[in-house]
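First comes the structure, then the notes that go with it.
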Amino acid sequence: MKEGEIYEKAKGYFESESFPLPKSVFREFYSQLIKLSGFGLGGIFVLSGKKAGARAAVYLKKLVGENLTQDDTKTCIIAALQAYNQKVIEFNLEDNFALIKIDNSIFADGITSKKPVCLPLGGSLAGMMETFMGGSFEPKEIECKACGGQYCVFEIKRKS
């Protein structure tokens, strides 16, 4: 399947699984949740993201096939991100590690924070990698626009 076809299928999936919500409403809601994340919500955000990412990856695997190469995996993850208007600036993928740099993170957009806020997005990336590549992956946001970074940058590492 060609990249354009993967993107169109991913976009169709996310459109069918989403609902319209004004960005300002989401921003206010999410910024309030982030303020509470010091009370243990961070892990819930990552876990929820992982489940959502795994669900999207299962759907994409049905479209593309079960035996994906690393290039196929990368194409599927980029297509999923683009379907939600997340601009991928850099994506380095290896067997046990990925470095993903994203501009326009829906979670950091319009939010100022002392700590990274894109926990669900990192979880989603890890969940997709787990489904596509097998094993268990942990996300870490090493740079966040909400903290003044130029981009939101994630390290996704395979757990040993």
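Naming scheme: A, B, ... for chains in displayed order of the structure tokens; residues 1 onward per chain; ligands 1 onward as shown.
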
**Q.** Exercise: Gly148 (chain A) partners within 10 Å, only C-alpha atoms, chain neighbours under 4 positions left out, as a PyMOL selection string
**A.** chain A and resi 108+111-116+143-144+152

Q) Using only C-alpha atoms, which residues sit within 9 Å of Glu8 (chain A) once same-chain residues fewer than 5 positions away are excluded, as a ChimeraX atom specification? A) /A:3,13,79,83

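Between Lys50 (chain A) and the candidates A:Cys118, A:Met128, A:Val153, A:Ile89, the tightest atom-to-atom separation, counting only C-alpha atoms, involves A:Met128.
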
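Among A:Phe107, A:Phe45, A:Phe91, A:Phe132, the residue with the shortest atom-to-atom distance to Phe29 (chain A), counting only C-alpha atoms, is A:Phe107.
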
Q. Just asking: which residues within chain A are strand (DSSP E or B) according to DSSP, as a ChimeraX atom specification?
A. /A:87-93,97-103,137-143,152-158

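Remark: for Ala57 (chain A), the closest of the candidate residues A:Arg158, A:Lys87, A:Lys74, A:Lys2 is A:Lys74 (distances computed over only C-alpha atoms).
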
Q. Which is closer to Ala98 (chain A) than all the others in A:Gly134, A:Leu33, A:Gly127, A:Phe154, using only C-alpha atoms?
A. A:Phe154

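Every protein, DNA or RNA residue with an atom at most 7 Å from region 58-65 of chain A, where only C-alpha atoms count and chain neighbours fewer than 4 positions away do not, is listed here: A:Met1, A:Ala10, A:Ala54, A:Cys76, A:Thr131.
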
Residues as selected, N, CA, C and O atoms, written as a PDB file, in the first residue's frame, can you do that?
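out35.pdb, written as the output of this step:
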```pdb
ATOM      1  N   MET A   1       0.846  -1.176   0.000  1.00  0.00           N
ATOM      2  CA  MET A   1       0.000   0.000   0.000  1.00  0.00           C
ATOM      3  C   MET A   1       0.893   1.242   0.000  1.00  0.00           C
ATOM      4  O   MET A   1       1.869   1.304   0.723  1.00  0.00           O
ATOM      5  N   ALA A  10      -5.832   6.167   7.338  1.00  0.00           N
ATOM      6  CA  ALA A  10      -5.643   6.614   8.723  1.00  0.00           C
ATOM      7  C   ALA A  10      -6.543   7.813   9.013  1.00  0.00           C
ATOM      8  O   ALA A  10      -7.200   7.866  10.055  1.00  0.00           O
ATOM      9  N   ALA A  54      -2.509   1.850  20.522  1.00  0.00           N
ATOM     10  CA  ALA A  54      -2.598   0.433  20.161  1.00  0.00           C
ATOM     11  C   ALA A  54      -3.848   0.170  19.325  1.00  0.00           C
ATOM     12  O   ALA A  54      -3.807  -0.580  18.338  1.00  0.00           O
ATOM     13  N   CYS A  76       3.139   4.262   8.923  1.00  0.00           N
ATOM     14  CA  CYS A  76       1.843   4.180   9.607  1.00  0.00           C
ATOM     15  C   CYS A  76       1.755   5.165  10.770  1.00  0.00           C
ATOM     16  O   CYS A  76       0.728   5.832  10.949  1.00  0.00           O
ATOM     17  N   THR A 131       2.309  -2.323  19.307  1.00  0.00           N
ATOM     18  CA  THR A 131       1.446  -3.102  18.416  1.00  0.00           C
ATOM     19  C   THR A 131       2.164  -3.445  17.121  1.00  0.00           C
ATOM     20  O   THR A 131       2.077  -4.577  16.644  1.00  0.00           O
TER      21      THR A 131
END
```

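Going from CA of Asp109 (chain A) over to CA of Gln32 (chain A), you cover 13.8 Å.
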
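Proximity ranking of A:Asp72, A:Glu28, A:Glu5, A:Glu155 relative to Asn92 (chain A) places A:Glu155 first, based on only C-alpha atoms.
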
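Nearest residue to Phe26 (chain A), choosing from A:Tyr151, A:Lys140, A:Gly110, A:Met133 and counting only C-alpha atoms: A:Gly110.
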
Q) as JSON, numbers by chain, which residues of region 15-122 of chain A does DSSP assign to alpha helix (DSSP H)? A) {"A": [15, 16, 17, 23, 24, 25, 26, 27, 28, 29, 30, 31, 32, 33, 34, 35, 36, 41, 42, 43, 44, 45, 46, 47, 48, 49, 50, 51, 52, 53, 54, 55, 56, 57, 58, 59, 60, 61, 62, 63, 64, 70, 71, 72, 73, 74, 75, 76, 77, 78, 79, 80, 81, 82, 83, 119, 120, 121, 122]}

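The gap separating CA of Ala146 (chain A) from CA of Val117 (chain A) is 6.9 Å, in Å to one decimal.
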
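CA of Ser18 (chain A) sits 19.0 Å away from CA of Val46 (chain A).
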